[in-house]
Structure formats: structure tokens, C-alpha cells
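Asker: Next comes the structure file my_file_22.csv, holding CSV, C-alpha atoms.
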```csv
chain,number,residue,atom,x,y,z
A,1,MET,CA,9.3,-10.9,-8.2
A,2,ALA,CA,10.1,-8.6,-5.3
A,3,VAL,CA,8.5,-9.7,-2.1
A,4,ILE,CA,7.9,-6.7,0.2
A,5,GLY,CA,6.5,-8.7,3.1
A,6,SER,CA,3.5,-10.9,4.2
A,7,LEU,CA,0.6,-11.2,6.5
A,8,GLY,CA,0.3,-15.0,6.8
A,9,GLU,CA,-0.5,-16.3,3.3
A,10,VAL,CA,-1.1,-12.8,1.9
A,11,ILE,CA,2.1,-11.9,0.1
A,12,PHE,CA,2.9,-8.2,-0.5
A,13,GLU,CA,4.7,-8.3,-3.8
A,14,VAL,CA,5.7,-6.5,-7.0
A,15,SER,CA,6.3,-8.3,-10.2
A,16,SER,CA,5.6,-7.9,-13.9
A,17,GLN,CA,2.4,-10.0,-13.4
A,18,ARG,CA,1.1,-8.7,-10.1
A,19,VAL,CA,1.2,-5.7,-7.7
A,20,ARG,CA,-0.1,-6.3,-4.2
A,21,THR,CA,1.4,-3.7,-1.9
A,22,PHE,CA,0.4,-1.6,1.1
A,23,ASP,CA,1.0,2.0,2.1
A,24,GLU,CA,0.3,4.4,4.9
A,25,LEU,CA,1.3,1.9,7.6
A,26,THR,CA,0.7,3.3,11.1
A,27,ARG,CA,1.9,1.6,14.3
A,28,ASN,CA,0.5,2.6,17.7
A,29,GLY,CA,1.4,1.3,21.1
A,30,SER,CA,0.6,2.4,24.7
A,31,SER,CA,1.3,1.4,28.3
A,32,ARG,CA,-1.2,0.3,30.8
A,33,TRP,CA,-1.8,2.2,34.1
A,34,VAL,CA,-4.2,1.9,37.0
A,35,THR,CA,-5.0,4.8,39.2
A,36,HIS,CA,-5.2,4.4,43.0
A,37,ASP,CA,-7.4,6.9,44.9
A,38,ILE,CA,-5.6,8.3,48.0
A,39,HIS,CA,-7.7,9.8,50.7
A,40,ARG,CA,-7.3,13.6,50.7
A,41,ASN,CA,-4.4,13.5,48.2
A,42,LYS,CA,-4.1,13.2,44.5
A,43,PRO,CA,-4.5,9.8,43.0
A,44,ILE,CA,-1.4,7.8,42.3
A,45,PRO,CA,-0.9,6.1,38.9
A,46,GLU,CA,0.7,2.7,38.8
A,47,PHE,CA,2.4,1.2,35.7
A,48,VAL,CA,1.0,-2.4,35.2
A,49,GLY,CA,2.7,-3.2,31.9
A,50,PRO,CA,2.8,-2.6,28.2
A,51,GLY,CA,-0.4,-2.5,26.2
A,52,LEU,CA,-1.2,-4.2,22.9
A,53,GLU,CA,0.2,-2.6,19.8
A,54,GLU,CA,-2.0,-1.9,16.8
A,55,ILE,CA,-1.1,-1.5,13.1
A,56,SER,CA,-3.2,0.0,10.3
A,57,LEU,CA,-2.4,-0.1,6.6
A,58,SER,CA,-4.0,0.6,3.3
A,59,ILE,CA,-4.1,-1.8,0.4
A,60,GLN,CA,-5.2,-1.1,-3.2
A,61,LEU,CA,-6.5,-4.2,-4.9
A,62,LYS,CA,-6.9,-3.7,-8.7
A,63,ALA,CA,-7.7,-6.3,-11.3
A,64,SER,CA,-5.6,-4.2,-13.7
A,65,LEU,CA,-2.6,-5.0,-11.5
A,66,GLY,CA,-3.0,-8.7,-11.6
A,67,VAL,CA,-5.1,-9.5,-8.5
A,68,ASP,CA,-8.6,-10.7,-8.1
A,69,PRO,CA,-10.2,-8.1,-5.7
A,70,GLU,CA,-13.1,-10.4,-4.7
A,71,ALA,CA,-10.8,-13.3,-3.9
A,72,GLU,CA,-8.4,-11.0,-1.9
A,73,LEU,CA,-11.3,-9.6,0.1
A,74,LYS,CA,-12.6,-13.1,0.8
A,75,THR,CA,-9.2,-14.0,2.3
A,76,LEU,CA,-9.1,-10.9,4.4
A,77,ARG,CA,-12.6,-11.3,5.7
A,78,ILE,CA,-11.9,-14.9,6.7
A,79,LYS,CA,-8.9,-13.8,8.7
A,80,ARG,CA,-11.1,-11.2,10.5
A,81,ASP,CA,-14.1,-13.5,11.0
A,82,THR,CA,-12.2,-16.6,12.3
A,83,GLY,CA,-9.7,-14.8,14.5
A,84,GLN,CA,-6.7,-16.2,12.5
A,85,ARG,CA,-3.3,-15.2,13.9
A,86,ASP,CA,-0.6,-14.4,11.5
A,87,LEU,CA,3.0,-13.3,11.5
A,88,LEU,CA,3.5,-9.9,9.9
A,89,VAL,CA,6.7,-9.7,8.0
A,90,ILE,CA,8.1,-6.6,6.3
A,91,GLY,CA,11.5,-6.7,4.5
A,92,ASN,CA,12.2,-10.3,5.4
A,93,LYS,CA,11.9,-9.5,9.2
A,94,PRO,CA,9.0,-10.1,11.5
A,95,VAL,CA,7.5,-6.8,12.7
A,96,SER,CA,7.6,-8.2,16.2
A,97,THR,CA,7.8,-11.5,18.0
A,98,SER,CA,4.1,-11.5,18.4
A,99,GLN,CA,1.5,-12.6,15.9
A,100,TRP,CA,-1.3,-10.3,14.7
A,101,ILE,CA,-5.0,-10.6,14.4
A,102,THR,CA,-7.1,-8.8,11.7
A,103,GLU,CA,-9.3,-6.7,13.9
A,104,SER,CA,-11.2,-4.9,11.0
A,105,VAL,CA,-11.4,-4.8,7.3
A,106,SER,CA,-12.8,-1.6,5.8
A,107,GLU,CA,-13.6,-1.6,2.1
A,108,GLN,CA,-14.2,1.2,-0.4
A,109,HIS,CA,-15.4,-0.4,-3.6
A,110,LYS,CA,-14.1,1.8,-6.4
A,111,ASN,CA,-15.0,0.3,-9.8
A,112,TYR,CA,-17.1,-2.5,-11.3
A,113,ASP,CA,-17.2,-3.7,-14.9
A,114,GLY,CA,-20.3,-4.1,-17.1
A,115,ARG,CA,-20.9,-7.6,-15.6
A,116,GLY,CA,-20.8,-6.4,-12.0
A,117,ARG,CA,-17.3,-7.8,-11.3
A,118,LEU,CA,-15.3,-5.7,-8.8
A,119,LEU,CA,-12.3,-4.2,-10.5
A,120,SER,CA,-10.8,-2.0,-7.8
A,121,VAL,CA,-11.2,-1.7,-4.1
A,122,HIS,CA,-9.4,0.3,-1.4
A,123,VAL,CA,-8.9,-1.7,1.8
A,124,GLU,CA,-8.0,-0.4,5.3
A,125,LEU,CA,-6.8,-3.2,7.6
A,126,ARG,CA,-6.5,-2.8,11.3
A,127,LEU,CA,-4.3,-5.4,13.0
A,128,LYS,CA,-3.9,-6.0,16.7
A,129,GLU,CA,-1.0,-7.7,18.4
A,130,TYR,CA,-1.6,-11.2,19.8
A,131,PRO,CA,1.4,-11.6,22.2
A,132,LYS,CA,3.0,-14.9,23.2
A,133,LYS,CA,1.9,-16.2,26.5
A,134,ALA,CA,4.1,-15.3,29.5
A,135,GLY,CA,6.9,-17.7,29.9
A,136,SER,CA,6.7,-18.9,26.2
```
Would it be possible to restate this file's structure as C-alpha cells?
Answerer:
Amino acid sequence: MAVIGSLGEVIFEVSSQRVRTFDELTRNGSSRWVTHDIHRNKPIPEFVGPGLEEISLSIQLKASLGVDPEAELKTLRIKRDTGQRDLLVIGNKPVSTSQWITESVSEQHKNYDGRGRLLSVHVELRLKEYPKKAGS
């Protein structure tokens, strides 16, 4: 088994029994600024610190690749709905010193079998940084 990374207990892996991987990972970050109005002059921006980073990624969950799409979706929905914080690891290294919350789970159900069981789903995850408290 080749482990690509993890988001908490969700292990991204490739093996002869299972393929659970992600693609199209996008990471966004910004800085925070406030603008002070100055009488009869242009406003002055002031840097107040870094903003929270966000990551989005796509996951294909297919029964034909050894995963249970319904069970996988349940796990991801619980992360989203409970505010669970997880470490995101890619290539045996944490993506950052911060943890990540699952801000949204977007699902495109692709295929069902004759009994109504989900066979394939495309998932878009949006993660948001949950930084350590100052001084930690």
C-alpha cells in the first residue's frame, strides 16, 4: 500500500485493494488589511496580519476501486457538521503547523446500482485553516 497522505482518519492511499486519492488541490491565502480614512487625503491601508488559508481538493469515490462511497461521504459530512479539526498530511509531511476544518462537502452522485446503492461520487472538499492560538 502506498499512502499519499491523510486528513485525520481519512487516508489517501493506493493499493491493489483500494484507491482513495485526491486531485486538483488548490491552496489560497491572503493578508488582512484595514483602511484608515484620512481627511482630504487618500485612505491609508494598514497591514494587520496574515489571513486564513484555504484548500480545495477533488476526490473520486468509486465502489469499483474498493471504497464504500456512502460510508466515505458519511465520514466527510460528520467532519463538516461537527467542526472536527484535522491535520492535513501530504507525502508524510503536514501541509502546515495548523489544523484544518472541513468547511464544505460538495457531492456529485454519478452512478447507482439496480438496488439504489451509490457506486460512484465526485466530492469537492473545501478546507479552512484552524491556526494554533497565539503563544502556543
Asker: Which value, in Å to one decimal, gives the distance between atom CA of Glu129 of chain A and atom CA of Leu52 of chain A?
Answerer: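 That distance, rounded to one decimal, is 5.7 Å.
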Asker: Atom CA of Ala71 of chain A and atom CA of Lys128 of chain A, how far apart in Å?
Answerer: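 Computing it gives 22.9 Å between the two atoms.
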Asker: Near segment 25-40 of chain A, counting only C-alpha atoms, which residues have an atom at most 10 Å away, once you skip same-chain residues fewer than 6 positions from it, shown as a list in words?
Answerer: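 In the requested format, the answer is Glu46, Phe47, Val48, Gly49, Pro50, Gly51, Leu52, Glu53, Glu54, Ile55, Ser56, Leu57, Ser58, Ile59, Glu124, Leu125, Arg126, Leu127, Lys128 and Glu129 of chain A.
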Asker: Give me, as a tab-separated table, the closest atom pair and its distance (Å, one decimal) for every residue of segment 13-37 of chain A within a cut-off of 6 Å of segment 1-4 of chain A, counting only C-alpha atoms, rows sorted by chain and rising number.
Answerer:
```
residue	atom	partner	partner_atom	distance
A:Glu13	CA	A:Val3	CA	4.4
A:Val14	CA	A:Ala2	CA	5.2
A:Ser15	CA	A:Met1	CA	4.4
```
Asker: Skip Gly8 of chain A itself and residues of its chain fewer than 6 positions away, then list as an mmCIF file with C-alpha atoms, in the frame of the given file all residues within 8 Å of it, counting all atoms listed in the file.
Answerer:
```
data_model
loop_
_atom_site.group_PDB
_atom_site.id
_atom_site.type_symbol
_atom_site.label_atom_id
_atom_site.label_comp_id
_atom_site.auth_asym_id
_atom_site.auth_seq_id
_atom_site.Cartn_x
_atom_site.Cartn_y
_atom_site.Cartn_z
ATOM 1 C CA ARG A 85 -3.300 -15.200 13.900
ATOM 2 C CA ASP A 86 -0.600 -14.400 11.500
ATOM 3 C CA LEU A 87 3.000 -13.300 11.500
ATOM 4 C CA LEU A 88 3.500 -9.900 9.900
#
```
